Structure formats: structure tokens, C-alpha cells
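Structure data follow from upload-v1.cif (mmCIF, C-alpha atoms):
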```cif
data_final
#
loop_
_atom_site.label_atom_id
_atom_site.label_comp_id
_atom_site.auth_asym_id
_atom_site.auth_seq_id
_atom_site.Cartn_x
_atom_site.Cartn_y
_atom_site.Cartn_z
CA TYR A 189 0.44 -0.21 -7.48
CA LEU A 190 1.01 1.30 -10.95
CA GLY A 191 4.75 0.75 -10.78
CA GLU A 192 4.57 -2.70 -9.24
CA SER A 193 2.12 -3.82 -11.92
CA GLY A 194 4.16 -2.31 -14.76
CA ASP A 195 3.14 -3.76 -18.12
CA ARG A 196 0.92 -6.29 -16.31
CA ILE A 197 -1.51 -3.61 -15.17
CA PRO A 198 -5.19 -4.46 -15.90
CA THR A 199 -6.49 -3.05 -19.18
CA ASN A 200 -9.32 -1.22 -17.41
CA VAL A 201 -6.80 0.99 -15.57
CA LYS A 202 -6.23 3.93 -17.93
CA GLY A 203 -4.77 6.57 -15.63
CA ALA A 204 -4.29 7.76 -12.06
CA VAL A 205 -3.72 10.85 -9.91
CA SER A 206 -1.33 11.22 -6.98
CA LEU A 207 -1.74 14.22 -4.63
CA GLY A 208 0.85 15.25 -2.06
CA ASN A 209 2.76 12.00 -2.48
CA PRO A 210 6.21 12.16 -0.80
CA PHE A 211 7.54 9.35 -3.09
CA LEU A 212 10.69 9.17 -1.00
CA ILE A 213 9.70 8.67 2.62
CA ASN A 214 12.33 10.08 4.94
CA HIS A 215 11.24 11.22 8.38
CA SER A 216 14.41 13.24 8.88
CA MET A 217 13.31 15.55 6.03
CA LEU A 218 10.00 16.49 7.64
CA ARG A 219 9.71 20.16 8.50
CA SER A 220 8.96 21.49 11.95
CA PRO A 221 6.36 21.59 13.47
CA TRP A 222 4.84 18.81 11.33
CA SER A 223 7.40 16.25 12.47
CA GLU A 224 6.67 16.97 16.14
CA ILE A 225 2.90 16.91 15.56
CA LEU A 226 3.03 13.57 13.76
CA THR A 227 5.30 12.23 16.49
CA LEU A 228 2.65 13.00 19.09
CA GLY A 229 0.12 11.10 16.98
CA ALA A 230 2.45 8.10 16.69
CA LYS A 231 3.03 8.07 20.45
CA ARG A 232 -0.71 8.29 21.02
CA SER A 233 -1.17 5.22 18.82
CA ILE A 234 1.41 3.30 20.87
CA VAL A 235 -0.37 4.22 24.11
CA LYS A 236 -3.72 3.25 22.59
CA HIS A 237 -2.41 -0.24 21.79
CA ARG A 238 -0.27 -0.63 24.89
CA GLU A 239 -2.27 -3.65 26.08
CA SER A 240 -1.33 -5.62 22.98
CA MET A 241 2.26 -4.41 23.02
CA THR A 242 2.81 -5.43 26.64
CA LYS A 243 2.10 -9.04 25.60
CA MET A 244 5.32 -9.07 23.58
CA ASN A 245 7.86 -10.95 25.69
CA CYS A 246 10.95 -9.70 23.82
CA HIS A 247 12.81 -7.31 26.10
CA HIS A 248 14.48 -5.69 23.07
CA PHE A 249 11.06 -4.80 21.69
CA GLN A 250 9.89 -3.42 25.02
CA GLY A 251 13.05 -1.36 25.28
CA ALA A 252 12.51 0.05 21.79
CA ILE A 253 8.93 1.05 22.63
CA LYS A 254 10.08 2.83 25.79
CA LYS A 255 12.73 4.72 23.83
CA ALA A 256 10.15 5.65 21.19
CA LEU A 257 7.82 7.01 23.87
CA PHE A 258 10.23 8.75 26.23
CA HIS A 259 13.39 9.45 24.22
CA SER A 260 12.06 10.58 20.84
CA SER A 261 11.15 14.15 19.91
CA ASN A 262 10.54 13.51 16.19
CA LEU A 263 9.59 10.70 13.81
CA ALA A 264 13.18 10.11 12.70
CA GLN A 265 14.18 9.23 16.25
CA MET A 266 11.12 7.02 16.71
CA SER A 267 11.94 5.15 13.51
CA ALA A 268 15.55 4.65 14.57
CA HIS A 269 14.35 2.96 17.78
CA THR A 270 11.59 0.80 16.31
CA VAL A 271 12.63 -0.30 12.79
CA PRO A 272 14.83 -3.19 14.00
CA HIS A 273 11.66 -4.84 15.34
CA ILE A 274 9.17 -4.15 12.51
CA ILE A 275 7.73 -7.21 10.75
CA ARG A 276 8.04 -7.06 6.97
CA ASN A 277 7.38 -9.29 3.96
CA ALA A 278 9.61 -9.78 0.92
CA PRO A 279 7.70 -8.50 -2.17
CA GLN A 280 8.94 -11.32 -4.43
CA HIS A 281 8.43 -15.08 -4.26
CA PRO A 282 8.70 -16.91 -1.89
CA PHE A 283 7.38 -13.92 0.12
CA GLU A 284 9.47 -14.61 3.18
CA THR A 285 8.63 -12.82 6.42
CA SER A 286 11.50 -11.05 8.17
CA ILE A 287 11.83 -9.03 11.33
CA GLY A 288 13.64 -5.75 11.49
CA TYR A 289 15.73 -3.46 9.31
CA GLU A 290 19.41 -2.74 9.70
CA THR A 291 18.88 1.03 9.62
CA GLU A 292 16.00 3.49 9.53
CA HIS A 293 17.14 4.53 6.04
CA ALA A 294 16.63 0.96 4.80
CA TYR A 295 13.13 1.09 6.26
CA TRP A 296 12.37 4.39 4.51
CA ARG A 297 13.67 3.10 1.16
CA ASP A 298 11.54 -0.04 1.44
CA ALA A 299 8.44 2.04 2.19
CA SER A 300 9.01 4.54 -0.64
CA SER A 301 7.42 4.42 -4.07
CA GLN A 302 10.14 6.34 -5.94
CA LYS A 303 11.79 3.13 -7.16
CA TYR A 304 8.58 2.18 -9.03
CA ILE A 305 8.06 5.45 -10.94
CA ALA A 306 10.09 4.30 -13.96
CA LYS A 307 7.80 1.27 -14.42
CA ILE A 308 4.52 3.22 -14.66
CA GLN A 309 2.83 2.46 -17.99
CA VAL A 310 -0.33 4.62 -17.81
CA PRO A 311 -0.81 8.42 -17.52
CA LEU A 312 -0.17 9.59 -13.96
CA LEU A 313 -0.83 13.14 -12.77
CA VAL A 314 1.34 14.15 -9.81
CA CYS A 315 0.44 17.33 -7.94
CA PHE A 316 2.13 18.91 -4.92
CA ALA A 317 2.41 22.36 -3.38
CA SER A 318 5.60 24.31 -2.72
CA ASP A 319 4.44 25.07 0.83
CA ASP A 320 3.64 21.42 1.63
CA GLY A 321 5.47 20.90 4.91
CA ILE A 322 5.17 17.12 4.70
CA ALA A 323 5.88 16.13 1.09
CA GLN A 324 7.51 19.10 -0.69
CA GLN A 325 11.16 18.24 -0.06
CA THR A 326 10.91 14.54 -0.85
CA THR A 327 8.66 15.06 -3.88
CA THR A 328 11.13 17.59 -5.25
CA ALA A 329 13.91 15.04 -4.73
CA ALA A 330 11.92 12.55 -6.83
CA LEU A 331 11.26 14.98 -9.71
CA GLY A 332 14.04 13.48 -11.80
CA SER A 333 12.42 10.04 -11.70
CA CYS A 334 9.03 11.54 -12.57
CA LEU A 335 10.24 13.64 -15.50
CA ALA A 336 12.22 10.72 -16.91
CA ASN A 337 8.97 8.81 -17.45
CA PRO A 338 6.87 10.26 -20.31
CA ASN A 339 3.72 8.83 -18.69
CA VAL A 340 4.10 11.07 -15.62
CA ILE A 341 2.83 14.67 -15.55
CA VAL A 342 3.98 16.88 -12.65
CA VAL A 343 2.06 19.93 -11.40
CA ASN A 344 3.68 22.12 -8.75
CA THR A 345 1.50 24.86 -7.24
CA PRO A 346 2.92 27.82 -5.27
CA CYS A 347 0.49 27.22 -2.40
CA GLY A 348 -1.97 24.64 -1.13
CA GLY A 349 -0.17 23.05 1.79
CA HIS A 350 -0.65 19.32 2.23
CA LEU A 351 -3.84 18.45 0.31
CA GLY A 352 -5.36 21.88 0.98
CA TRP A 353 -6.13 23.35 -2.45
CA HIS A 354 -9.22 25.29 -1.39
CA CYS A 355 -10.03 28.29 -3.51
CA SER A 356 -12.28 31.34 -3.72
CA LYS A 357 -12.74 34.55 -5.68
CA ARG A 358 -10.46 37.49 -4.98
CA ASN A 359 -13.33 39.44 -3.41
CA ASN A 360 -14.42 36.46 -1.31
CA PRO A 361 -11.53 35.61 1.05
CA PHE A 362 -13.70 33.25 3.11
CA GLY A 363 -14.92 31.20 0.16
CA SER A 364 -12.61 28.30 1.01
CA PHE A 365 -14.52 27.77 4.25
CA ARG A 366 -17.94 27.55 2.58
CA PHE A 367 -17.86 23.76 2.29
CA LYS A 368 -21.62 23.49 1.71
CA SER A 369 -21.57 25.95 -1.16
CA THR A 370 -22.49 24.65 -4.61
CA LYS A 371 -20.84 27.54 -6.46
CA GLU A 372 -18.01 26.62 -8.78
CA GLU A 373 -15.65 29.22 -7.32
CA ASP A 374 -16.03 27.76 -3.82
CA LYS A 375 -15.07 24.23 -4.80
CA SER A 376 -11.67 22.65 -4.17
CA TRP A 377 -9.28 23.33 -7.03
CA ASP A 378 -7.73 19.86 -7.03
CA ASN A 379 -11.12 18.17 -7.45
CA ARG A 380 -11.78 20.16 -10.63
CA MET A 381 -8.27 19.41 -11.90
CA ILE A 382 -8.72 15.67 -11.31
CA ILE A 383 -12.07 15.63 -13.13
CA LYS A 384 -10.58 17.43 -16.15
CA PHE A 385 -7.64 15.02 -16.22
CA PHE A 386 -9.82 11.92 -16.16
CA ASN A 387 -12.19 13.46 -18.72
CA ALA A 388 -9.22 13.93 -21.05
CA ILE A 389 -8.21 10.28 -20.56
CA MET A 390 -11.76 9.09 -21.24
CA MET A 391 -12.04 11.23 -24.37
CA ARG A 392 -8.73 9.87 -25.63
CA ARG A 393 -9.92 6.33 -25.02
CA TYR A 394 -13.21 7.12 -26.75
CA HIS A 395 -11.42 8.30 -29.89
CA GLU A 396 -9.12 5.26 -29.78
CA MET A 397 -12.14 2.96 -29.63
CA ARG A 398 -13.73 4.76 -32.60
CA VAL A 399 -10.55 4.28 -34.61
CA GLU A 400 -10.41 0.62 -33.58
CA ASN A 401 -14.04 0.10 -34.60
CA ARG A 402 -13.49 1.78 -37.96
CA THR A 403 -10.44 -0.39 -38.59
CA THR A 404 -12.39 -3.53 -37.71
CA LEU A 405 -15.30 -2.56 -39.97
CA ALA A 406 -12.91 -1.76 -42.80
CA LYS A 407 -11.22 -5.14 -42.47
CA GLU A 408 -14.57 -6.93 -42.43
CA ALA A 409 -15.70 -5.01 -45.51
CA ILE A 410 -12.50 -5.90 -47.38
CA GLU A 411 -12.75 -9.55 -46.38
CA SER A 412 -16.39 -9.79 -47.44
CA SER A 413 -15.73 -8.12 -50.80
CA THR A 414 -12.81 -10.43 -51.64
CA SER A 415 -14.49 -13.66 -50.55
CA PHE A 416 -16.08 -15.89 -53.21
CA PRO A 417 -19.18 -18.05 -52.65
CA SER A 418 -18.45 -21.77 -52.37
CA LYS A 419 -21.29 -22.65 -54.73
CA LEU A 420 -22.64 -20.84 -57.78
#
```
Please lay out the structure from this file as C-alpha cells.
Amino acid sequence: YLGESGDRIPTNVKGAVSLGNPFLINHSMLRSPWSEILTLGAKRSIVKHRESMTKMNCHHFQGAIKKALFHSSNLAQMSAHTVPHIIRNAPQHPFETSIGYETEHAYWRDASSQKYIAKIQVPLLVCFASDDGIAQQTTTAALGSCLANPNVIVVNTPCGGHLGWHCSKRNNPFGSFRFKSTKEEDKSWDNRMIIKFFNAIMMRRYHEMRVENRTTLAKEAIESSTSFPSKL
């Protein structure tokens, strides 16, 4: 959204945070066993909606679904079978609807947000963990695009998995499981980081508004002091 909006982004949007964002979606880069686990979930979704899918009369589509269910062991293989039959919309006018992609790589590129990073005009905090089995490889591949934009800040933690930045004191190894605790040390680290980031943005905006108000008052004072009454 930030990249697509570019310099047309609403003035009330002052910043954003992106956690565990792969940026470059590529199912072939998913680590095991996450790829196999997500594949099972995708197959379960197909089975759940089988009644609707059986109403499709296209034998090519039915053949692709069968291959996705019975001849795919990972998401990359499922994508290769199904992307030629996925309905998509062109993002620019006249917003034409098309069916299918030539390759699974074309599908991944179309679904990725890396191409929009250069157009981001507001502060964006990107955070990912080195042991993130889902997003680490692709996020690392997109680091060049992130660092080339001065509005993007990248935080890479040594651990945390995929969106799992739970924390605790050194002498409290089970603190991360105390979800009902109100103690500061038992809270999720990423939540505290996000709050501090947005607080910094709000404070910066507050100071900018004060400067703008002072400038406006100064201009009004100058204008009033240099204006002459129309009648004496």
C-alpha cells in the first residue's frame, strides 16, 4: 500500500511497520519443514472448497487441482500446477481481468511487494529474524532495495522465528509463555519496539507542528505590524 500510493499517500499516514515480510514471494525458497506444513494447509483448503471447485467445467482446471492434491509435495509444485488458472486483475487502468500466468515465477513476482519498496515516502520499520524459516531468505534478498530507500529502517534479530519475538528475564525461562502476565519483562519484544517507533514518529510530527504554528504566528505578526489602517 505504501509503495503503490507513493507520493499520493494520505497525509494522515505518517509511518508503518512491517514484521516478517518476505517482500519477494518465492515458494521454492521456503525451508523444510515449513514448506511441507504450508502445503498441507493449502491442500486442506482445496478439499474444504471442493464443492465449489467441482462446478468448474474446465477440464484443464480440474486436472491442475488433481495434480496439486496428489502430485505436489511442496508449495512450489502446487503453484506450478495451479498458476495457469488463477484469475488476476491488471493493477493499472483499464483494470483488465486475465486468467493464468505463464510461469510460477511470474506469479510470485506479481504477488511480491519488493518492486514497490523504492516508492515508499514515509518512515517504514522492517523487522525480521535470522531464524525465520518462512521469510528470512527472501527478506535478505530484498535488503538492497530496502537500504536504498532512506525512508526504510531494517532491524534483523538473531532469533524470533516467524513473528515469535517473545521474551523473558534470564532467570525466568518460561516467561514467554506467561501470556496473561502484566509485567514488562513478559511482554512481546516486537510490541514494545513498535510502540517506541510510533511514539518517535508522533513526537517528530508534534515538533513539526509546533514549528509550523510558530512560523504562521510570526508571519501574521509581521503582516499585522506592516499593515496600515485604511482610514485615519
Close residues, Trp222 in chain A itself excluded, 10 Å, all atoms listed in the file, min 2 positions apart in chain, as a PyMOL selection string: chain A and resi 218-220+224-228+262-263+321-322
Selection under test: the PyMOL selection byres ((chain A and resi 353) around 9); residues as a ChimeraX atom specification: /A:317,347-352,354-355,364,376-379
Write a file of the just-selected residues containing C-alpha atoms, as a compact mmCIF listing (two decimals), in the frame of the given file.
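File written: part-v5.txt
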```txt
# COMPACT_ATOMS: atom_id res chain seq x y z
CA ALA A 317 2.41 22.36 -3.38
CA CYS A 347 0.49 27.22 -2.40
CA GLY A 348 -1.97 24.64 -1.13
CA GLY A 349 -0.17 23.05 1.79
CA HIS A 350 -0.65 19.32 2.23
CA LEU A 351 -3.84 18.45 0.31
CA GLY A 352 -5.36 21.88 0.98
CA HIS A 354 -9.22 25.29 -1.39
CA CYS A 355 -10.03 28.29 -3.51
CA SER A 364 -12.61 28.30 1.01
CA SER A 376 -11.67 22.65 -4.17
CA TRP A 377 -9.28 23.33 -7.03
CA ASP A 378 -7.73 19.86 -7.03
CA ASN A 379 -11.12 18.17 -7.45
```
Please determine an axis-aligned box that encloses all atoms of range 318-327 of chain A listed in the file, with 4 Å added on each side, and express its centre and edge lengths in Å to one decimal as JSON.
```
{"center_x": 7.4, "center_y": 19.8, "center_z": 0.5, "size_x": 15.5, "size_y": 18.5, "size_z": 16.8}
```
Have a look at CA of Trp296 in chain A and CA of Ile213 in chain A and let me know their distance in Å, one decimal.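 Going from CA of Trp296 in chain A over to CA of Ile213 in chain A covers 5.4 Å.
As for CA of Thr403 in chain A and CA of Phe385 in chain A, they are spaced 27.3 Å apart.
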The PyMOL selection byres ((chain A and resi 308) around 12) on the file shown: which residues, as a PyMOL selection string? chain A and resi 189-197+201-204+301-307+309-313+333-341
Closest to Met244 in chain A among A:Ala299, A:Ala329, A:Arg380, A:His273, using all atoms listed in the file? A:His273
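When all atoms listed in the file are used to compute distances to Val205 in chain A, the closest of the residues A:Ile383, A:Val271, A:Ala294, A:Ile253 turns out to be A:Ile383.
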What separates CA of Asn209 in chain A and CA of His269 in chain A is a distance of 25.0 Å
